[in-house]
Amino acid sequence: MAKKMQVTLTVNGETRDVLAEPRELLIHTLREQLGITGPHIGCETTHCGACTVDMNGKSVKACTVFVAQADGADITTIEGLGNPDGLHVLQEMFREHHGLQCGFCTPGMITRAHRLLIENPNPTEEEVRFGMAGNLCRCTGYQNIVKAILAAASQMNQKEAAE
Amino acid sequence: MIPSSFEYHRPSDLAAAIGLLAEHGDEARVIAGGHSLIPLMKMRMAGATHLVDLQGLGDLKRITVSADGISIGAMVTQAELIAHEGLAAAVPLLREAALQIADPQVRNLGTVGGNVANGDPGNDMPGLMQCLGATFTLEGPDGSRDVAAREFYHGAYVTARADDEILTHIRFAPPAGGYAYEKQKRKIGDYATAAAAVLLTRNGGTVASASVAMTNLSDVPVWSQAAGEALAGSDCGDEAVRSAVTAMLADIDPQQDNRGPVEFKRHVAGVMLARAISRAWSRA
């Protein structure tokens, strides 16, 4: 049994120290040690993207990162993007355009879409589909997810132009 | 999906990393982006009691592009490779291929070095590096040595790299002429059912030279010298393409699996190669 190691993560702006075995997966640390249950465990095999978080400014699948690798990392989850009193534009647009049905994939979808729109603030529909290819939804058929992301991009760009 | 226990190391330079491998022998493994290794460890098909993480080795993150040669550090991720404009201008083949690997999240962590060093027949970079005639630099306790990509792969997950060596850099001359990477896969994120990398140069209406490599059609990547020779000196017409495909089919050895029976894979291999040749020729 390997010794536990101290790992420091900055999660949604807050510094958190945890003791964990190096083999612990980042998604398990977030959910079970830190109580951050927005990122979901879908397939746990790097396919579905439900566990997507932002790590050091990049979208990653938290089921395929050992917590030891994430030591020192800056992590943003869906909890860091918005809350029921102040939804993120993407969250509003997912509601508006019915971009979810059961909602299981939604935290990963929105966390990924958030980074996608930072990387490419004015994407075409094709670029949205390509950029979201690591996130699976078994309900929607993706049409409304793509619509929601394009609508959010448009709103964010208008807001920026007005400022 | 919990891997067996290991001790974690994050050395800050190459000498320390090699020292850890020397100290722990075959109980140690290097981890780059982890996107081949972690899935295997989760299924307990791979294990290590010491994991040596290379993320602290900044030198291995570098891409250099010059007329003399191109060098890609082993820790460059697929996303970084795609984003590098100088590399894309000098070797558009690599960007075209890397965009067909996995998905955005995986490309953010998966590295070029891991992709070539792992020896997984499904990985795309080994065939591409054979097509480019690349050389891999291996660093170990006794110093550095270079191995040609075309001589590196001995079997599935079996390569010329020794347990105490780290693959640090990939080097090759900038290719001239036309290029294409054609990959058939069942879905985003899947390995190829069959994929073909082609580079060719033109001299008027004639193919001056050609390099052909195939992915996931044997337990190693297949650089088909005979397919390249079938194209060289030809007009790249239907007959020449048919000869190249016939020559390639003699070099591959696909196995039946969940991507299909052998006959289907051979059929798809032929289609991929014919498309790649045609597109490379149109760009030459």
# chains A, B, ... in the order shown; residues from 1 in each chain; ligands from 1

call {"tool": "interface_residues", "arguments": {"of": "chain B", "to": "chain A", "cutoff": "6 Å", "atoms": "only C-alpha atoms", "output": "PyMOL selection string"}}
result
chain B and resi 5-6+103+105

call {"tool": "select_by_dssp", "arguments": {"residues": "range 14-159 of chain A", "states": "strand (DSSP E)", "output": "list of chain:residue names"}}
result
A:Glu14, A:Thr15, A:Arg16, A:Asp17, A:Val18, A:Leu19, A:Ala20, A:Thr52, A:Val53, A:Asp54, A:Met55, A:Lys58, A:Ser59, A:Val60, A:Lys61, A:Asp74, A:Ile75, A:Thr76

call {"tool": "atom_distance", "arguments": {"atom1": "CA of Asn216 in chain B", "atom2": "CA of Ile72 in chain B"}}
result
23.0 Å

call {"tool": "atom_distance", "arguments": {"atom1": "CA of Asp120 in chain B", "atom2": "CA of Val220 in chain B"}}
result
7.7 Å

call {"tool": "atom_distance", "arguments": {"atom1": "CA of Gly114 in chain B", "atom2": "CA of Ile31 in chain B"}}
result
7.9 Å

call {"tool": "select_by_dssp", "arguments": {"residues": "range 11-244 of chain B", "states": "alpha helix (DSSP H)", "output": "PyMOL selection string"}}
result
chain B and resi 14-24+37-42+78-83+85-90+92-98+104-109+112-117+125-132+149-152+225-231+238-244

call {"tool": "write_last_selection", "arguments": {"atoms": "C-alpha atoms", "output": "mmCIF file, in the first residue's frame"}}
result
data_model
loop_
_atom_site.group_PDB
_atom_site.id
_atom_site.type_symbol
_atom_site.label_atom_id
_atom_site.label_comp_id
_atom_site.auth_asym_id
_atom_site.auth_seq_id
_atom_site.Cartn_x
_atom_site.Cartn_y
_atom_site.Cartn_z
ATOM 1 C CA LEU B 14 16.221 14.492 -17.261
ATOM 2 C CA ALA B 15 19.180 13.216 -15.225
ATOM 3 C CA ALA B 16 16.937 12.770 -12.174
ATOM 4 C CA ALA B 17 14.310 10.998 -14.287
ATOM 5 C CA ILE B 18 16.881 8.579 -15.727
ATOM 6 C CA GLY B 19 18.274 8.087 -12.210
ATOM 7 C CA LEU B 20 14.832 7.022 -10.975
ATOM 8 C CA LEU B 21 14.484 4.516 -13.812
ATOM 9 C CA ALA B 22 17.966 3.142 -13.083
ATOM 10 C CA GLU B 23 17.168 2.876 -9.366
ATOM 11 C CA HIS B 24 13.816 1.128 -9.719
ATOM 12 C CA LEU B 37 -1.008 4.338 -19.772
ATOM 13 C CA ILE B 38 -3.764 5.338 -17.325
ATOM 14 C CA PRO B 39 -6.528 3.422 -19.156
ATOM 15 C CA LEU B 40 -4.273 0.333 -19.193
ATOM 16 C CA MET B 41 -3.425 0.777 -15.506
ATOM 17 C CA LYS B 42 -7.115 1.139 -14.630
ATOM 18 C CA GLN B 78 -1.238 16.743 -29.683
ATOM 19 C CA ALA B 79 -3.035 20.064 -29.074
ATOM 20 C CA GLU B 80 0.274 21.947 -28.911
ATOM 21 C CA LEU B 81 1.442 20.227 -32.080
ATOM 22 C CA ILE B 82 -1.777 21.263 -33.854
ATOM 23 C CA ALA B 83 -1.502 24.867 -32.608
ATOM 24 C CA GLU B 85 1.926 27.467 -36.911
ATOM 25 C CA GLY B 86 5.589 27.006 -37.890
ATOM 26 C CA LEU B 87 5.277 23.244 -37.658
ATOM 27 C CA ALA B 88 1.981 23.222 -39.558
ATOM 28 C CA ALA B 89 3.576 25.256 -42.366
ATOM 29 C CA ALA B 90 6.627 22.968 -42.559
ATOM 30 C CA PRO B 92 1.082 20.026 -42.739
ATOM 31 C CA LEU B 93 0.814 16.208 -42.676
ATOM 32 C CA LEU B 94 1.175 16.191 -38.893
ATOM 33 C CA ARG B 95 -1.570 18.733 -38.198
ATOM 34 C CA GLU B 96 -3.914 16.950 -40.629
ATOM 35 C CA ALA B 97 -3.279 13.669 -38.801
ATOM 36 C CA ALA B 98 -3.299 14.981 -35.221
ATOM 37 C CA PRO B 104 -10.111 17.762 -27.760
ATOM 38 C CA GLN B 105 -9.734 16.779 -24.096
ATOM 39 C CA VAL B 106 -7.517 13.809 -24.915
ATOM 40 C CA ARG B 107 -5.388 15.889 -27.307
ATOM 41 C CA ASN B 108 -4.850 18.401 -24.489
ATOM 42 C CA LEU B 109 -2.979 15.825 -22.407
ATOM 43 C CA VAL B 112 3.496 12.950 -29.221
ATOM 44 C CA GLY B 113 6.267 11.181 -27.294
ATOM 45 C CA GLY B 114 3.840 8.899 -25.495
ATOM 46 C CA ASN B 115 2.086 8.143 -28.751
ATOM 47 C CA VAL B 116 5.304 7.014 -30.468
ATOM 48 C CA ALA B 117 7.022 5.391 -27.463
ATOM 49 C CA MET B 125 2.104 8.896 -34.783
ATOM 50 C CA PRO B 126 4.320 5.798 -35.250
ATOM 51 C CA GLY B 127 3.199 5.290 -38.862
ATOM 52 C CA LEU B 128 3.440 9.016 -39.540
ATOM 53 C CA MET B 129 6.990 9.117 -38.190
ATOM 54 C CA GLN B 130 7.915 6.137 -40.361
ATOM 55 C CA CYS B 131 6.419 7.928 -43.359
ATOM 56 C CA LEU B 132 8.530 11.016 -42.512
ATOM 57 C CA ALA B 149 11.317 5.134 -36.508
ATOM 58 C CA ARG B 150 11.350 2.460 -39.220
ATOM 59 C CA GLU B 151 13.449 0.222 -36.934
ATOM 60 C CA PHE B 152 11.910 1.105 -33.566
ATOM 61 C CA GLN B 225 8.756 0.459 -49.230
ATOM 62 C CA ALA B 226 7.237 -1.572 -52.091
ATOM 63 C CA ALA B 227 4.175 0.699 -52.253
ATOM 64 C CA GLY B 228 6.424 3.771 -52.465
ATOM 65 C CA GLU B 229 8.483 2.135 -55.198
ATOM 66 C CA ALA B 230 5.336 1.250 -57.153
ATOM 67 C CA LEU B 231 4.457 4.938 -57.290
ATOM 68 C CA ASP B 238 -5.238 4.433 -61.752
ATOM 69 C CA GLU B 239 -2.862 1.645 -62.685
ATOM 70 C CA ALA B 240 -0.035 3.017 -60.536
ATOM 71 C CA VAL B 241 -2.390 3.449 -57.575
ATOM 72 C CA ARG B 242 -3.605 -0.146 -58.015
ATOM 73 C CA SER B 243 0.003 -1.390 -58.049
ATOM 74 C CA ALA B 244 0.796 0.579 -54.887
#

call {"tool": "residues_around", "arguments": {"residues": "range 187-193 of chain B", "least_positions_apart": "5", "cutoff": "6 Å", "atoms": "only C-alpha atoms", "output": "tab-separated table (two decimals) with C-alpha atoms, in the first residue's frame"}}
result
chain	number	residue	atom	x	y	z
B	102	ALA	CA	-9.05	11.15	-30.22
B	103	ASP	CA	-10.97	14.25	-29.05
B	122	GLY	CA	-3.48	1.71	-32.84
B	259	ARG	CA	-13.28	-3.29	-35.89

call {"tool": "residues_around", "arguments": {"residues": "Ala276 in chain B", "least_positions_apart": "6", "cutoff": "8 Å", "atoms": "only C-alpha atoms", "output": "PDB file with C-alpha atoms, in the first residue's frame"}}
result
ATOM      1  CA  TYR B 179       0.915  14.841 -48.287  1.00  0.00           C
ATOM      2  CA  ALA B 180      -2.214  13.183 -46.932  1.00  0.00           C
ATOM      3  CA  TYR B 181      -3.413  11.213 -43.923  1.00  0.00           C
ATOM      4  CA  GLU B 182      -6.566   9.202 -44.483  1.00  0.00           C
ATOM      5  CA  ALA B 196      -2.670   5.618 -44.566  1.00  0.00           C
ATOM      6  CA  ALA B 197       0.047   8.280 -44.515  1.00  0.00           C
ATOM      7  CA  VAL B 198       1.461   9.349 -47.859  1.00  0.00           C
TER       8      VAL B 198
END

call {"tool": "closest_residue", "arguments": {"among": "B:Gly177, B:Pro3, B:Gly204, B:Pro141", "to": "Ala162 in chain B", "atoms": "only C-alpha atoms"}}
result
B:Pro141
